[in-house]
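Read through the structure below, which is laid out as structure tokens, and then see the notes.
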Amino acid sequence: MMGERTAPLAGLLEPGGSPSFARVRLLEGSAELLLGQLRLHAKRVRALAAAFRRETRRLGTEVSADLGRIDHNLDRIATQSTVAMSAIDLAFAGTFSGAGILDRRAANIDLEHPERSAAQRVAEHAETLLEGLRDRHAEARAALHFMIEQLVVCANNLAIVVGRPGEQSLEQLRIIIRQMRKLSQITAEISARLDVFVQNQSAALQELVPTSSARESVLASLRAQGAQIMVSAGEGEGRHGY
């Protein structure tokens, strides 16, 4: 539970004045752009899977066993594109909605832990945001890397099918092979941009989190304060004869 303060906390800028807070929120536009690119990319992957399916129906059953395996793999790739998009969406939404209340965390006193300073409250919240961002990034990164690898696998397997002698025209499948390889490259580029973004956002949040030595000092201070409270309580009980 948080209570509103009545005066500026010593040593802290007024809400909205912290450069660290501004840096955390500065990347929001880049995040929206990156998420938009991934949404468009996911649509292209699904469109490729649909185009492949239409082409296999046109070809009939001659190569259906091999093409069926590729079709199944394309479904898995499309699913992973959705997984990546959802993870990134949740990561960005959580980070920026959380960053939006950093000022309030600094300005409001925690009634459950009134001994905590503004910097301690902000650091605790920033560390939670940082952990969530990294977890979601790991999930999205794994999904994107699956897409990168499996699009190439599909392209190579389809190239084997196209290379077989036959009477049917497979030119459309050759086009799909090129699209698979191109989408794999685009996925790799998006994954690299995501890595850079998360590194930048993590650095901005890390500025608000104390170093390990500082964190230990904070914990030691809190433990000392807790011990003092217990001693005071014991003295009070002795005075009242309880």
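In the structure tokens, the first chain shown is A, the next is B, and so on; residue numbers restart at 1 for each chain, and ligands run from 1 in the order shown.
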
task = List the neighbours of Gln150 in chain A out to 9 Å using only C-alpha atoms; skip same-chain residues closer than 5 positions along the sequence, and give me the result as a VMD selection string.
result = chain A and resid 73 to 74 76 to 77 145 155 184

With N, CA and C atoms retained, write the just-selected residues as a PDB file, in the first residue's frame.
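Result saved to out20.pdb:
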ATOM      1  N   ASN A  73       6.044 -28.397 -40.868  1.00  0.00           N
ATOM      2  CA  ASN A  73       7.094 -27.557 -40.287  1.00  0.00           C
ATOM      3  C   ASN A  73       6.762 -26.072 -40.426  1.00  0.00           C
ATOM      4  N   LEU A  74       6.140 -25.706 -41.538  1.00  0.00           N
ATOM      5  CA  LEU A  74       5.726 -24.314 -41.718  1.00  0.00           C
ATOM      6  C   LEU A  74       4.675 -23.914 -40.688  1.00  0.00           C
ATOM      7  N   ARG A  76       4.570 -25.072 -37.648  1.00  0.00           N
ATOM      8  CA  ARG A  76       5.332 -24.863 -36.413  1.00  0.00           C
ATOM      9  C   ARG A  76       6.037 -23.508 -36.442  1.00  0.00           C
ATOM     10  N   ILE A  77       6.550 -23.140 -37.596  1.00  0.00           N
ATOM     11  CA  ILE A  77       7.222 -21.843 -37.730  1.00  0.00           C
ATOM     12  C   ILE A  77       6.232 -20.706 -37.505  1.00  0.00           C
ATOM     13  N   HIS A 145      14.861 -17.791 -33.123  1.00  0.00           N
ATOM     14  CA  HIS A 145      15.957 -18.641 -33.600  1.00  0.00           C
ATOM     15  C   HIS A 145      15.418 -19.943 -34.187  1.00  0.00           C
ATOM     16  N   ALA A 155      13.427 -24.634 -46.750  1.00  0.00           N
ATOM     17  CA  ALA A 155      13.915 -24.237 -48.077  1.00  0.00           C
ATOM     18  C   ALA A 155      14.805 -25.323 -48.672  1.00  0.00           C
ATOM     19  N   SER A 184      13.906 -16.034 -43.531  1.00  0.00           N
ATOM     20  CA  SER A 184      14.882 -16.436 -42.515  1.00  0.00           C
ATOM     21  C   SER A 184      15.860 -15.297 -42.244  1.00  0.00           C
TER      22      SER A 184
END

Hey, what's within 10 Å of Ala188 in chain A if we count only C-alpha atoms and toss same-chain stuff fewer than 5 positions away? As a compact mmCIF listing (two decimals) with N, CA and C atoms, in the first residue's frame, please?
# COMPACT_ATOMS: atom_id res chain seq x y z
N ARG A 141 13.44 -14.72 -28.10
CA ARG A 141 14.69 -15.04 -28.82
C ARG A 141 14.72 -16.51 -29.23
N LEU A 144 12.36 -16.95 -32.18
CA LEU A 144 12.92 -16.37 -33.41
C LEU A 144 14.04 -17.24 -33.98
N HIS A 145 14.86 -17.79 -33.12
CA HIS A 145 15.96 -18.64 -33.60
C HIS A 145 15.42 -19.94 -34.19
N MET A 147 12.63 -20.11 -35.81
CA MET A 147 12.17 -19.68 -37.13
C MET A 147 13.32 -19.56 -38.12
N ILE A 148 14.42 -18.94 -37.67
CA ILE A 148 15.58 -18.74 -38.54
C ILE A 148 16.08 -20.09 -39.08
N GLU A 149 16.24 -21.04 -38.19
CA GLU A 149 16.78 -22.35 -38.57
C GLU A 149 15.80 -23.15 -39.42
N LYS A 182 14.58 -15.74 -47.69
CA LYS A 182 14.51 -14.30 -47.42
C LYS A 182 13.89 -14.04 -46.05
N LEU A 183 12.82 -14.77 -45.74
CA LEU A 183 12.17 -14.59 -44.44
C LEU A 183 13.08 -15.03 -43.30
N ARG A 193 17.98 -6.84 -33.91
CA ARG A 193 17.47 -5.54 -33.45
C ARG A 193 16.84 -5.67 -32.06
N LEU A 194 16.15 -6.79 -31.83
CA LEU A 194 15.56 -7.02 -30.52
C LEU A 194 16.64 -7.12 -29.45

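Here the question is which of A:His72, A:Arg136, A:His125, A:Arg174 gets nearest to Gln206 in chain A using only C-alpha atoms, and that residue is A:His125.
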
request  = Would you mind telling me which residue in A:Asp66, A:Glu207, A:Glu28, A:Asp195 lies nearest to Ala138 in chain A when using only C-alpha atoms?
outcome  = A:Asp195

Shell around Ala87 in chain A at 7 Å using only C-alpha atoms, local window under 3 positions removed, as a ChimeraX atom specification = /A:83-84,90-91,136,139-140

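Of the residues listed (A:Ile190, A:Leu59, A:Leu205, A:Leu170), A:Leu205 shows the shortest atom-to-atom separation from Gly132 in chain A; distances use only C-alpha atoms.
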
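Across the structure, CA of Leu34 in chain A and CA of Phe52 in chain A are spaced 27.0 Å apart.
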
Polymer residues at most 9 Å from Leu130 in chain A, only C-alpha atoms, same-chain spacing of 3 or more positions, as an mmCIF file with C-alpha atoms, in the first residue's frame:
data_model
loop_
_atom_site.group_PDB
_atom_site.id
_atom_site.type_symbol
_atom_site.label_atom_id
_atom_site.label_comp_id
_atom_site.auth_asym_id
_atom_site.auth_seq_id
_atom_site.Cartn_x
_atom_site.Cartn_y
_atom_site.Cartn_z
ATOM 1 C CA THR A 95 8.346 -2.510 -19.147
ATOM 2 C CA HIS A 125 10.630 -1.710 -8.952
ATOM 3 C CA ALA A 126 13.285 -1.320 -11.668
ATOM 4 C CA GLU A 127 14.789 -4.687 -10.787
ATOM 5 C CA LEU A 133 12.092 -7.925 -19.648
ATOM 6 C CA ARG A 134 14.927 -10.455 -19.699
ATOM 7 C CA ASP A 135 12.613 -13.441 -19.214
ATOM 8 C CA GLN A 201 16.558 -0.878 -22.170
ATOM 9 C CA SER A 202 18.273 -3.124 -19.637
ATOM 10 C CA LEU A 205 16.846 0.118 -15.954
ATOM 11 C CA GLN A 206 20.138 -1.080 -14.457
#
